[in-house]
>>> print(open('model.json').read())   # JSON, C-alpha atoms
[["chain", "number", "residue", "atom", "x", "y", "z"],
["U", 174, "MET", "CA", -1.35, -1.98, 58.12],
["U", 175, "ASN", "CA", -0.76, 1.58, 59.21],
["U", 176, "LEU", "CA", 1.77, 3.21, 56.92],
["U", 177, "ARG", "CA", 3.86, 6.04, 58.30],
["U", 178, "PHE", "CA", 6.37, 8.13, 56.42],
["U", 179, "SER", "CA", 8.93, 10.61, 57.67],
["U", 180, "PRO", "CA", 9.26, 14.11, 56.12],
["U", 181, "ALA", "CA", 11.43, 14.48, 53.03],
["U", 182, "ASN", "CA", 15.10, 15.05, 53.73],
["U", 183, "HIS", "CA", 17.21, 17.98, 52.64],
["U", 184, "GLY", "CA", 18.62, 16.16, 49.61],
["U", 185, "PHE", "CA", 15.11, 15.47, 48.33],
["U", 186, "ALA", "CA", 14.16, 19.14, 48.70],
["U", 187, "VAL", "CA", 17.32, 20.27, 46.92],
["U", 188, "SER", "CA", 16.68, 17.85, 44.06],
["U", 189, "ILE", "CA", 13.11, 19.06, 43.63],
["U", 190, "LYS", "CA", 14.24, 22.67, 43.77],
["U", 191, "SER", "CA", 16.90, 22.01, 41.13],
["U", 192, "LEU", "CA", 14.36, 20.41, 38.80],
["U", 193, "LEU", "CA", 11.91, 23.24, 39.21],
["U", 194, "SER", "CA", 14.61, 25.83, 38.51],
["U", 195, "LEU", "CA", 15.57, 24.28, 35.16],
["U", 196, "ARG", "CA", 15.11, 26.50, 32.13],
["U", 197, "TRP", "CA", 12.97, 24.60, 29.70],
["U", 198, "PRO", "CA", 13.40, 25.20, 25.94],
["U", 199, "ALA", "CA", 10.81, 27.74, 24.90],
["U", 200, "GLY", "CA", 10.71, 26.64, 21.29],
["U", 201, "ASN", "CA", 10.14, 22.94, 21.90],
["U", 202, "PRO", "CA", 7.93, 22.08, 24.89],
["U", 203, "LEU", "CA", 8.22, 18.36, 24.08],
["U", 204, "ALA", "CA", 11.89, 18.55, 25.12],
["U", 205, "MET", "CA", 10.65, 18.74, 28.71],
["U", 206, "LEU", "CA", 9.15, 15.28, 28.50],
["U", 207, "GLY", "CA", 12.43, 13.41, 28.86],
["U", 208, "PRO", "CA", 13.54, 14.97, 32.18],
["U", 209, "LEU", "CA", 10.05, 14.75, 33.62],
["U", 210, "LEU", "CA", 9.76, 11.06, 32.76],
["U", 211, "MET", "CA", 12.88, 10.52, 34.88],
["U", 212, "LEU", "CA", 11.18, 12.08, 37.90],
["U", 213, "PRO", "CA", 10.15, 8.84, 39.68],
["U", 214, "SER", "CA", 13.67, 7.38, 39.40],
["U", 215, "LEU", "CA", 15.31, 10.58, 40.60],
["U", 216, "LEU", "CA", 12.94, 10.99, 43.49],
["U", 217, "THR", "CA", 13.31, 7.35, 44.45],
["U", 218, "GLY", "CA", 17.05, 7.93, 44.66],
["U", 219, "CYS", "CA", 16.46, 10.84, 47.00],
["U", 220, "VAL", "CA", 14.24, 8.65, 49.12],
["U", 221, "GLY", "CA", 16.98, 6.04, 49.28],
["U", 222, "ASN", "CA", 19.27, 8.61, 50.94],
["U", 223, "ALA", "CA", 16.57, 9.51, 53.40],
["U", 224, "ASP", "CA", 16.04, 5.86, 54.21],
["U", 225, "SER", "CA", 19.69, 5.41, 55.12],
["U", 226, "ARG", "CA", 19.35, 8.14, 57.72],
["U", 227, "HIS", "CA", 16.08, 6.88, 59.18],
["U", 228, "SER", "CA", 16.41, 3.12, 58.98],
["U", 229, "SER", "CA", 14.20, 2.72, 62.03],
["U", 230, "THR", "CA", 11.14, 4.11, 60.22],
["U", 231, "PRO", "CA", 8.76, 2.27, 57.88],
["U", 232, "LEU", "CA", 10.56, 3.95, 54.95],
["U", 233, "SER", "CA", 12.42, 0.67, 54.55],
["U", 234, "MET", "CA", 9.54, -0.28, 52.29],
["U", 235, "VAL", "CA", 11.19, 1.68, 49.46],
["U", 236, "ARG", "CA", 14.40, -0.33, 49.50],
["U", 237, "GLN", "CA", 15.20, -2.02, 46.25],
["U", 238, "ASN", "CA", 16.19, -5.30, 47.93],
["U", 239, "ALA", "CA", 12.85, -5.76, 49.70],
["U", 240, "ALA", "CA", 11.16, -9.11, 49.25],
["U", 241, "PRO", "CA", 8.71, -9.21, 46.31],
["U", 242, "GLY", "CA", 5.93, -10.54, 48.51],
["U", 243, "ARG", "CA", 6.44, -7.77, 51.00],
["U", 244, "ASN", "CA", 6.44, -5.13, 48.28],
["U", 245, "ALA", "CA", 3.21, -6.53, 46.88],
["U", 246, "ALA", "CA", 1.57, -6.46, 50.31],
["U", 247, "GLU", "CA", 2.72, -2.90, 50.99],
["U", 248, "CYS", "CA", 1.55, -1.75, 47.55],
["U", 249, "GLY", "CA", -1.82, -3.36, 48.22],
["U", 250, "GLN", "CA", -2.15, -1.36, 51.44],
["U", 251, "ILE", "CA", -0.84, 1.93, 50.14],
["U", 252, "TRP", "CA", -3.97, 2.71, 48.13],
["U", 253, "GLN", "CA", -6.14, 2.40, 51.25],
["U", 254, "THR", "CA", -4.03, 4.81, 53.30],
["U", 255, "ARG", "CA", -6.02, 7.87, 54.37],
["U", 256, "GLY", "CA", -4.06, 9.14, 57.37],
["U", 257, "GLU", "CA", -3.45, 12.87, 57.16],
["U", 258, "GLY", "CA", 0.15, 12.52, 58.30],
["U", 259, "ASP", "CA", 0.89, 9.90, 55.66],
["U", 260, "LEU", "CA", -0.82, 11.84, 52.88],
["U", 261, "GLN", "CA", 1.22, 14.94, 53.64],
["U", 262, "ASP", "CA", 4.47, 12.98, 53.45],
["U", 263, "ALA", "CA", 6.10, 13.25, 50.04],
["U", 264, "THR", "CA", 7.63, 9.79, 50.46],
["U", 265, "TYR", "CA", 4.18, 8.22, 50.49],
["U", 266, "TRP", "CA", 3.51, 9.58, 47.03],
["U", 267, "LEU", "CA", 6.89, 8.43, 45.76],
["U", 268, "ARG", "CA", 6.06, 4.95, 46.95],
["U", 269, "ALA", "CA", 2.62, 5.23, 45.32],
["U", 270, "MET", "CA", 4.29, 6.11, 42.01],
["U", 271, "GLU", "CA", 6.55, 3.09, 42.33],
["U", 272, "CYS", "CA", 3.66, 0.77, 43.16],
["U", 273, "ALA", "CA", 1.59, 2.08, 40.25],
["U", 274, "GLU", "CA", 4.43, 1.38, 37.82],
["U", 275, "ARG", "CA", 4.56, -2.25, 38.99],
["U", 276, "MET", "CA", 0.87, -2.88, 38.38],
["U", 277, "THR", "CA", -0.59, -4.33, 35.21],
["U", 278, "PRO", "CA", -2.95, -2.06, 33.26],
["U", 279, "SER", "CA", -5.99, -4.07, 34.35],
["U", 280, "GLN", "CA", -4.95, -4.00, 38.01],
["U", 281, "ALA", "CA", -4.28, -0.27, 37.88],
["U", 282, "ARG", "CA", -7.63, 0.48, 36.26],
["U", 283, "LEU", "CA", -9.50, -1.68, 38.78],
["U", 284, "GLU", "CA", -7.78, 0.08, 41.68],
["U", 285, "ALA", "CA", -8.43, 3.49, 40.10],
["U", 286, "GLU", "CA", -12.16, 2.78, 40.16],
["U", 287, "ASN", "CA", -11.93, 2.62, 43.95],
["U", 288, "GLN", "CA", -10.41, 6.11, 44.15],
["U", 289, "GLY", "CA", -13.59, 7.97, 43.30],
["U", 290, "GLY", "CA", -13.50, 10.33, 46.28],
["U", 291, "ASP", "CA", -13.73, 14.08, 46.00],
["U", 292, "THR", "CA", -10.44, 14.99, 47.67],
["U", 293, "TRP", "CA", -7.04, 16.01, 46.38],
["U", 294, "ASP", "CA", -5.42, 12.74, 47.44],
["U", 295, "ASP", "CA", -8.11, 10.68, 45.69],
["U", 296, "ALA", "CA", -7.57, 12.67, 42.50],
["U", 297, "PHE", "CA", -3.80, 12.25, 42.77],
["U", 298, "ARG", "CA", -4.00, 8.49, 43.34],
["U", 299, "GLU", "CA", -6.46, 8.14, 40.47],
["U", 300, "SER", "CA", -4.08, 10.01, 38.16],
["U", 301, "LEU", "CA", -1.16, 7.77, 39.17],
["U", 302, "LEU", "CA", -3.18, 4.61, 38.64],
["U", 303, "LEU", "CA", -4.78, 5.58, 35.33],
["U", 304, "ASN", "CA", -1.38, 6.61, 34.02],
["U", 305, "ALA", "CA", -0.32, 2.99, 34.54],
["U", 306, "ALA", "CA", -3.56, 1.70, 32.99],
["U", 307, "ASN", "CA", -2.74, 2.86, 29.45],
["U", 308, "MET", "CA", -5.59, 5.35, 29.51],
["U", 309, "SER", "CA", -6.77, 7.04, 26.35],
["U", 310, "VAL", "CA", -6.02, 10.65, 25.51],
["U", 311, "THR", "CA", -9.57, 11.62, 26.46],
["U", 312, "GLU", "CA", -9.24, 9.92, 29.84],
["U", 313, "ARG", "CA", -5.86, 11.53, 30.43],
["U", 314, "ARG", "CA", -7.25, 14.97, 29.66],
["U", 315, "GLN", "CA", -10.23, 14.45, 31.97],
["U", 316, "THR", "CA", -8.01, 13.13, 34.76],
["U", 317, "TYR", "CA", -5.61, 16.03, 34.26],
["U", 318, "GLN", "CA", -8.40, 18.60, 34.50],
["U", 319, "ARG", "CA", -9.78, 16.91, 37.61],
["U", 320, "LEU", "CA", -6.34, 16.94, 39.23],
["U", 321, "LEU", "CA", -5.89, 20.62, 38.43],
["U", 322, "SER", "CA", -9.14, 21.46, 40.18],
["U", 323, "PHE", "CA", -7.52, 20.42, 43.50],
["U", 324, "ARG", "CA", -4.24, 22.29, 43.03],
["U", 325, "SER", "CA", -5.00, 24.78, 45.80],
["U", 326, "GLN", "CA", -5.61, 21.95, 48.29],
["U", 327, "PHE", "CA", -2.24, 20.22, 47.97],
["U", 328, "PRO", "CA", -0.08, 20.49, 51.11],
["U", 329, "PRO", "CA", 3.20, 22.42, 50.68],
["U", 330, "SER", "CA", 5.20, 19.24, 51.35],
["U", 331, "VAL", "CA", 3.50, 17.44, 48.45],
["U", 332, "TYR", "CA", 3.07, 20.35, 46.04],
["U", 333, "PRO", "CA", 6.53, 20.00, 44.37],
["U", 334, "ILE", "CA", 5.73, 16.39, 43.45],
["U", 335, "PHE", "CA", 2.27, 17.40, 42.27],
["U", 336, "LYS", "CA", 3.77, 20.17, 40.14],
["U", 337, "MET", "CA", 6.24, 17.85, 38.45],
["U", 338, "TRP", "CA", 3.55, 15.21, 37.88],
["U", 339, "ARG", "CA", 1.20, 17.83, 36.46],
["U", 340, "GLN", "CA", 3.88, 19.04, 34.03],
["U", 341, "GLN", "CA", 4.58, 15.48, 32.96],
["U", 342, "GLN", "CA", 0.91, 14.85, 32.24],
["U", 343, "ALA", "CA", 0.62, 18.15, 30.37],
["U", 344, "LEU", "CA", 3.55, 17.21, 28.15],
["U", 345, "ARG", "CA", 2.06, 13.80, 27.49],
["U", 346, "LEU", "CA", -1.12, 15.53, 26.33],
["U", 347, "ILE", "CA", 0.89, 17.85, 24.09],
["U", 348, "LEU", "CA", 2.69, 14.85, 22.61],
["U", 349, "ALA", "CA", -0.62, 13.04, 22.06],
["U", 350, "ASP", "CA", -2.07, 16.11, 20.35],
["U", 351, "GLU", "CA", 0.99, 16.37, 18.10],
["U", 352, "ARG", "CA", 0.68, 12.72, 17.16],
["U", 353, "SER", "CA", -3.03, 13.09, 16.50],
["U", 354, "SER", "CA", -2.43, 16.17, 14.37],
["U", 355, "HIS", "CA", 0.31, 14.36, 12.44],
["U", 356, "GLN", "CA", -1.97, 11.37, 11.89],
["U", 357, "ARG", "CA", -4.78, 13.60, 10.64],
["U", 358, "GLN", "CA", -2.34, 15.29, 8.26],
["U", 359, "LEU", "CA", -1.19, 11.91, 6.96],
["U", 360, "GLU", "CA", -4.78, 10.84, 6.40],
["U", 361, "ALA", "CA", -5.58, 14.11, 4.65],
["U", 362, "ASP", "CA", -2.52, 13.74, 2.41],
["U", 363, "ALA", "CA", -3.46, 10.14, 1.62],
["U", 364, "ALA", "CA", -7.01, 11.19, 0.74],
["U", 365, "GLN", "CA", -5.69, 13.96, -1.49],
["U", 366, "ILE", "CA", -3.30, 11.57, -3.22],
["U", 367, "GLU", "CA", -6.13, 9.10, -3.80],
["U", 368, "GLN", "CA", -8.31, 11.86, -5.21],
["U", 369, "MET", "CA", -5.52, 12.93, -7.55],
["U", 370, "ARG", "CA", -5.04, 9.31, -8.63],
["U", 371, "GLN", "CA", -8.73, 8.98, -9.47],
["U", 372, "GLN", "CA", -8.61, 12.24, -11.40],
["U", 373, "GLN", "CA", -5.61, 10.95, -13.30],
["U", 374, "VAL", "CA", -7.48, 7.76, -14.17],
["U", 375, "GLU", "CA", -10.46, 9.78, -15.41],
["U", 376, "LEU", "CA", -8.25, 12.10, -17.44],
["U", 377, "GLN", "CA", -6.40, 9.15, -18.95],
["U", 378, "SER", "CA", -9.73, 7.56, -19.89],
["U", 379, "LYS", "CA", -10.89, 10.79, -21.54],
["U", 380, "LEU", "CA", -7.55, 11.08, -23.32],
["U", 381, "ASP", "CA", -7.86, 7.54, -24.67],
["U", 382, "ILE", "CA", -11.39, 8.26, -25.94],
["U", 383, "THR", "CA", -10.25, 11.49, -27.61],
["U", 384, "THR", "CA", -7.27, 9.72, -29.14],
["U", 385, "ARG", "CA", -9.50, 7.02, -30.64],
["U", 386, "LYS", "CA", -11.86, 9.67, -32.04],
["U", 387, "LEU", "CA", -8.94, 11.50, -33.64],
["U", 388, "GLU", "CA", -7.66, 8.26, -35.12],
["U", 389, "ASN", "CA", -11.12, 7.52, -36.55],
["U", 390, "LEU", "CA", -11.38, 11.01, -38.02],
["U", 391, "THR", "CA", -7.92, 10.68, -39.49],
["U", 392, "GLU", "CA", -8.87, 7.36, -41.08],
["U", 393, "ILE", "CA", -12.11, 8.83, -42.49],
["U", 394, "GLU", "CA", -10.22, 11.82, -43.87],
["U", 395, "ARG", "CA", -7.65, 9.52, -45.46],
["U", 396, "ARG", "CA", -10.38, 7.46, -47.13],
["U", 397, "LEU", "CA", -12.19, 10.55, -48.42],
["U", 398, "SER", "CA", -8.95, 11.92, -49.77],
["U", 399, "ALA", "CA", -8.20, 8.63, -51.51],
["U", 400, "ARG", "CA", -11.71, 8.53, -52.98],
["U", 401, "LYS", "CA", -11.43, 12.08, -54.29],
["U", 402, "GLN", "CA", -8.08, 11.28, -55.80],
["U", 403, "GLY", "CA", -9.58, 8.22, -57.54],
["U", 404, "ILE", "CA", -12.50, 10.26, -58.93],
["U", 405, "SER", "CA", -10.14, 12.95, -60.21],
["U", 406, "ASP", "CA", -7.90, 10.43, -61.94],
["U", 407, "SER", "CA", -10.94, 8.76, -63.56],
["U", 408, "GLY", "CA", -12.23, 12.10, -64.91],
["U", 409, "ASP", "CA", -8.90, 12.94, -66.46],
["U", 410, "ASN", "CA", -8.77, 9.58, -68.22],
["U", 411, "ASP", "CA", -12.29, 10.01, -69.65],
["U", 412, "ALA", "CA", -11.49, 13.46, -71.01],
["U", 413, "GLY", "CA", -8.39, 12.18, -72.85],
["U", 414, "ASP", "CA", -10.23, 9.35, -74.50],
["U", 415, "GLY", "CA", -13.03, 11.65, -75.82],
["U", 416, "GLY", "CA", -10.60, 14.09, -77.56],
["U", 417, "ALA", "CA", -8.81, 11.34, -79.40],
["U", 418, "SER", "CA", -12.03, 9.92, -80.93],
["U", 419, "ASP", "CA", -13.30, 13.32, -82.13],
["U", 420, "ALA", "CA", -10.18, 14.15, -84.14],
["U", 421, "PRO", "CA", -10.43, 11.36, -86.82],
["U", 422, "ALA", "CA", -14.11, 12.05, -87.34],
["U", 423, "SER", "CA", -13.40, 15.65, -88.20],
["U", 424, "GLY", "CA", -10.74, 14.63, -90.69],
["U", 425, "ALA", "CA", -13.09, 12.27, -92.49],
["U", 426, "GLY", "CA", -15.76, 14.94, -92.75],
["U", 427, "ALA", "CA", -13.30, 17.32, -94.28],
["U", 428, "ALA", "CA", -12.26, 14.74, -96.84],
["U", 429, "ALA", "CA", -15.84, 14.09, -97.83],
["U", 430, "GLY", "CA", -16.41, 17.80, -98.28],
["U", 431, "ASP", "CA", -13.46, 17.98, -100.55],
["U", 432, "LYS", "CA", -14.84, 15.20, -102.69],
["U", 433, "THR", "CA", -18.29, 16.74, -103.06],
["U", 434, "ALA", "CA", -16.98, 20.13, -103.96],
["U", 435, "PRO", "CA", -15.63, 19.13, -107.44],
["U", 436, "ALA", "CA", -18.80, 17.27, -108.18],
["U", 437, "ALA", "CA", -20.79, 20.37, -107.64],
["U", 438, "LYS", "CA", -18.57, 22.32, -109.93],
["U", 439, "GLN", "CA", -19.12, 19.77, -112.73]]
>>> encode(input="model.json", output="structure tokens")
Amino acid sequence: MNLRFSPANHGFAVSIKSLLSLRWPAGNPLAMLGPLLMLPSLLTGCVGNADSRHSSTPLSMVRQNAAPGRNAAECGQIWQTRGEGDLQDATYWLRAMECAERMTPSQARLEAENQGGDTWDDAFRESLLLNAANMSVTERRQTYQRLLSFRSQFPPSVYPIFKMWRQQQALRLILADERSSHQRQLEADAAQIEQMRQQQVELQSKLDITTRKLENLTEIERRLSARKQGISDSGDNDAGDGGASDAPASGAGAAAGDKTAPAAKQ
């Protein structure tokens, strides 16, 4: 099948120009992601207007009411298109975006492996296909850098679409980096919390050991104090008993002395 596409109409050009003239929020680059993700739908709408004016051209392939089998056949052929006129038609790339969105991740990845050429159109098709193949952040960054290396080779008629696609991919990378950074921060916080928990367990264990030692020392001190008190009470009792027994003995001695004294005088 030889696919041919007519040049983009005035409405398409005005829509692209309006998108490119938007003032993006400087403080939050991720706010650009929403409008850019709507690019394929917006551009498809522009193509629908062009199709109504040129119904005699093969652009009827972009109609929404086309038969599913026909769409599948056209999407199967679109990735093999290499005609210079077709590649320079912006509508071809809009159709390629639509076809890529309809593919399963495995189909898109398999088709992307066949786009290994070293031309700007091969790089663009590969980027469209891998985007539908749920590629990793590393793959997206590599594909993005490869696509940027061909920026000077894009035809003027296709460059607006390339620019919007490039911005969309850049914002996806920014979003992925933000998510990765957030995930790393969560993991670091979790590790720090776990470390603090272990330290708390160790400190509690040391506190329990110290508490038991203090309780043992307190018990030993209490026993020593009780023993000293018992020894002191026993000494006081012994001293009282000894004084009482000495007093009668002294009295008896004095009485005996008194008795012997008169005898001596006689």
>>> atom_distance(input="model.json", atom1="atom CA of Gly256 of chain U", atom2="atom CA of Asn287 of chain U")
16.9 Å
>>> closest_residue(input="model.json", among="U:Ala305, U:Val331, U:Ile393, U:Ala246", to="Trp266 of chain U", atoms="all atoms listed in the file")
U:Val331
>>> atom_distance(input="model.json", atom1="atom CA of Cys248 of chain U", atom2="atom CA of Gly289 of chain U")
18.5 Å
>>> atom_distance(input="model.json", atom1="atom CA of Glu351 of chain U", atom2="atom CA of Ala285 of chain U")
27.2 Å
>>> residues_around(input="model.json", residues="Thr277 of chain U", least_positions_apart="4", cutoff="9 Å", atoms="only C-alpha atoms", output="PyMOL selection string")
chain U and resi 273+281-282+305-306
>>> residues_around(input="model.json", residues="segment 309-316 of chain U", least_positions_apart="4", cutoff="8 Å", atoms="all atoms listed in the file", output="ChimeraX atom specification")
/U:296,299-300,303-304,320,342,346,349
>>> decode(input="model.json", residues="segment 268-294 of chain U", atoms="N, CA and C atoms", output="compact mmCIF listing (two decimals), in the first residue's frame")
# COMPACT_ATOMS: atom_id res chain seq x y z
N ARG U 268 -1.25 10.18 12.25
CA ARG U 268 -1.78 8.83 12.10
C ARG U 268 -0.87 7.81 12.79
N ALA U 269 0.44 8.02 12.70
CA ALA U 269 1.39 7.13 13.37
C ALA U 269 1.19 7.17 14.89
N MET U 270 0.95 8.36 15.43
CA MET U 270 0.68 8.47 16.86
C MET U 270 -0.57 7.69 17.24
N GLU U 271 -1.60 7.83 16.42
CA GLU U 271 -2.85 7.13 16.69
C GLU U 271 -2.66 5.62 16.63
N CYS U 272 -1.93 5.15 15.63
CA CYS U 272 -1.70 3.71 15.49
C CYS U 272 -0.87 3.18 16.65
N ALA U 273 0.12 3.94 17.09
CA ALA U 273 0.96 3.50 18.21
C ALA U 273 0.13 3.35 19.48
N GLU U 274 -0.82 4.26 19.69
CA GLU U 274 -1.64 4.19 20.90
C GLU U 274 -2.54 2.96 20.90
N ARG U 275 -2.87 2.45 19.72
CA ARG U 275 -3.76 1.28 19.63
C ARG U 275 -3.01 -0.04 19.80
N MET U 276 -1.71 -0.01 19.76
CA MET U 276 -0.93 -1.24 19.83
C MET U 276 -0.73 -1.67 21.27
N THR U 277 -0.59 -2.98 21.46
CA THR U 277 -0.23 -3.49 22.77
C THR U 277 1.25 -3.22 23.02
N PRO U 278 1.69 -3.21 24.27
CA PRO U 278 3.11 -2.97 24.55
C PRO U 278 4.04 -3.94 23.82
N SER U 279 3.67 -5.20 23.75
CA SER U 279 4.53 -6.18 23.07
C SER U 279 4.58 -5.92 21.57
N GLN U 280 3.44 -5.57 20.97
CA GLN U 280 3.42 -5.26 19.55
C GLN U 280 4.25 -4.02 19.25
N ALA U 281 4.10 -3.00 20.09
CA ALA U 281 4.84 -1.76 19.87
C ALA U 281 6.34 -1.99 20.00
N ARG U 282 6.75 -2.77 20.98
CA ARG U 282 8.19 -3.02 21.15
C ARG U 282 8.74 -3.84 19.98
N LEU U 283 7.99 -4.81 19.52
CA LEU U 283 8.44 -5.62 18.38
C LEU U 283 8.59 -4.76 17.13
N GLU U 284 7.64 -3.87 16.91
CA GLU U 284 7.72 -2.99 15.73
C GLU U 284 8.85 -1.98 15.88
N ALA U 285 9.11 -1.54 17.12
CA ALA U 285 10.19 -0.57 17.35
C ALA U 285 11.54 -1.16 17.01
N GLU U 286 11.69 -2.47 17.20
CA GLU U 286 12.96 -3.12 16.88
C GLU U 286 13.24 -3.09 15.38
N ASN U 287 12.21 -2.89 14.57
CA ASN U 287 12.40 -2.82 13.12
C ASN U 287 12.70 -1.41 12.64
N GLN U 288 12.70 -0.45 13.57
CA GLN U 288 12.95 0.94 13.20
C GLN U 288 14.36 1.35 13.61
N GLY U 289 15.32 0.54 13.30
CA GLY U 289 16.68 0.79 13.76
C GLY U 289 17.53 1.59 12.81
N GLY U 290 16.88 2.28 11.84
CA GLY U 290 17.65 3.08 10.89
C GLY U 290 18.28 4.30 11.53
N ASP U 291 19.11 4.96 10.76
CA ASP U 291 19.85 6.12 11.26
C ASP U 291 19.34 7.39 10.59
N THR U 292 18.03 7.56 10.57
CA THR U 292 17.42 8.75 9.98
C THR U 292 16.46 9.37 10.98
N TRP U 293 16.07 10.60 10.73
CA TRP U 293 15.18 11.29 11.66
C TRP U 293 13.82 10.61 11.76
N ASP U 294 13.32 10.10 10.63
CA ASP U 294 12.01 9.46 10.66
C ASP U 294 12.05 8.12 11.41
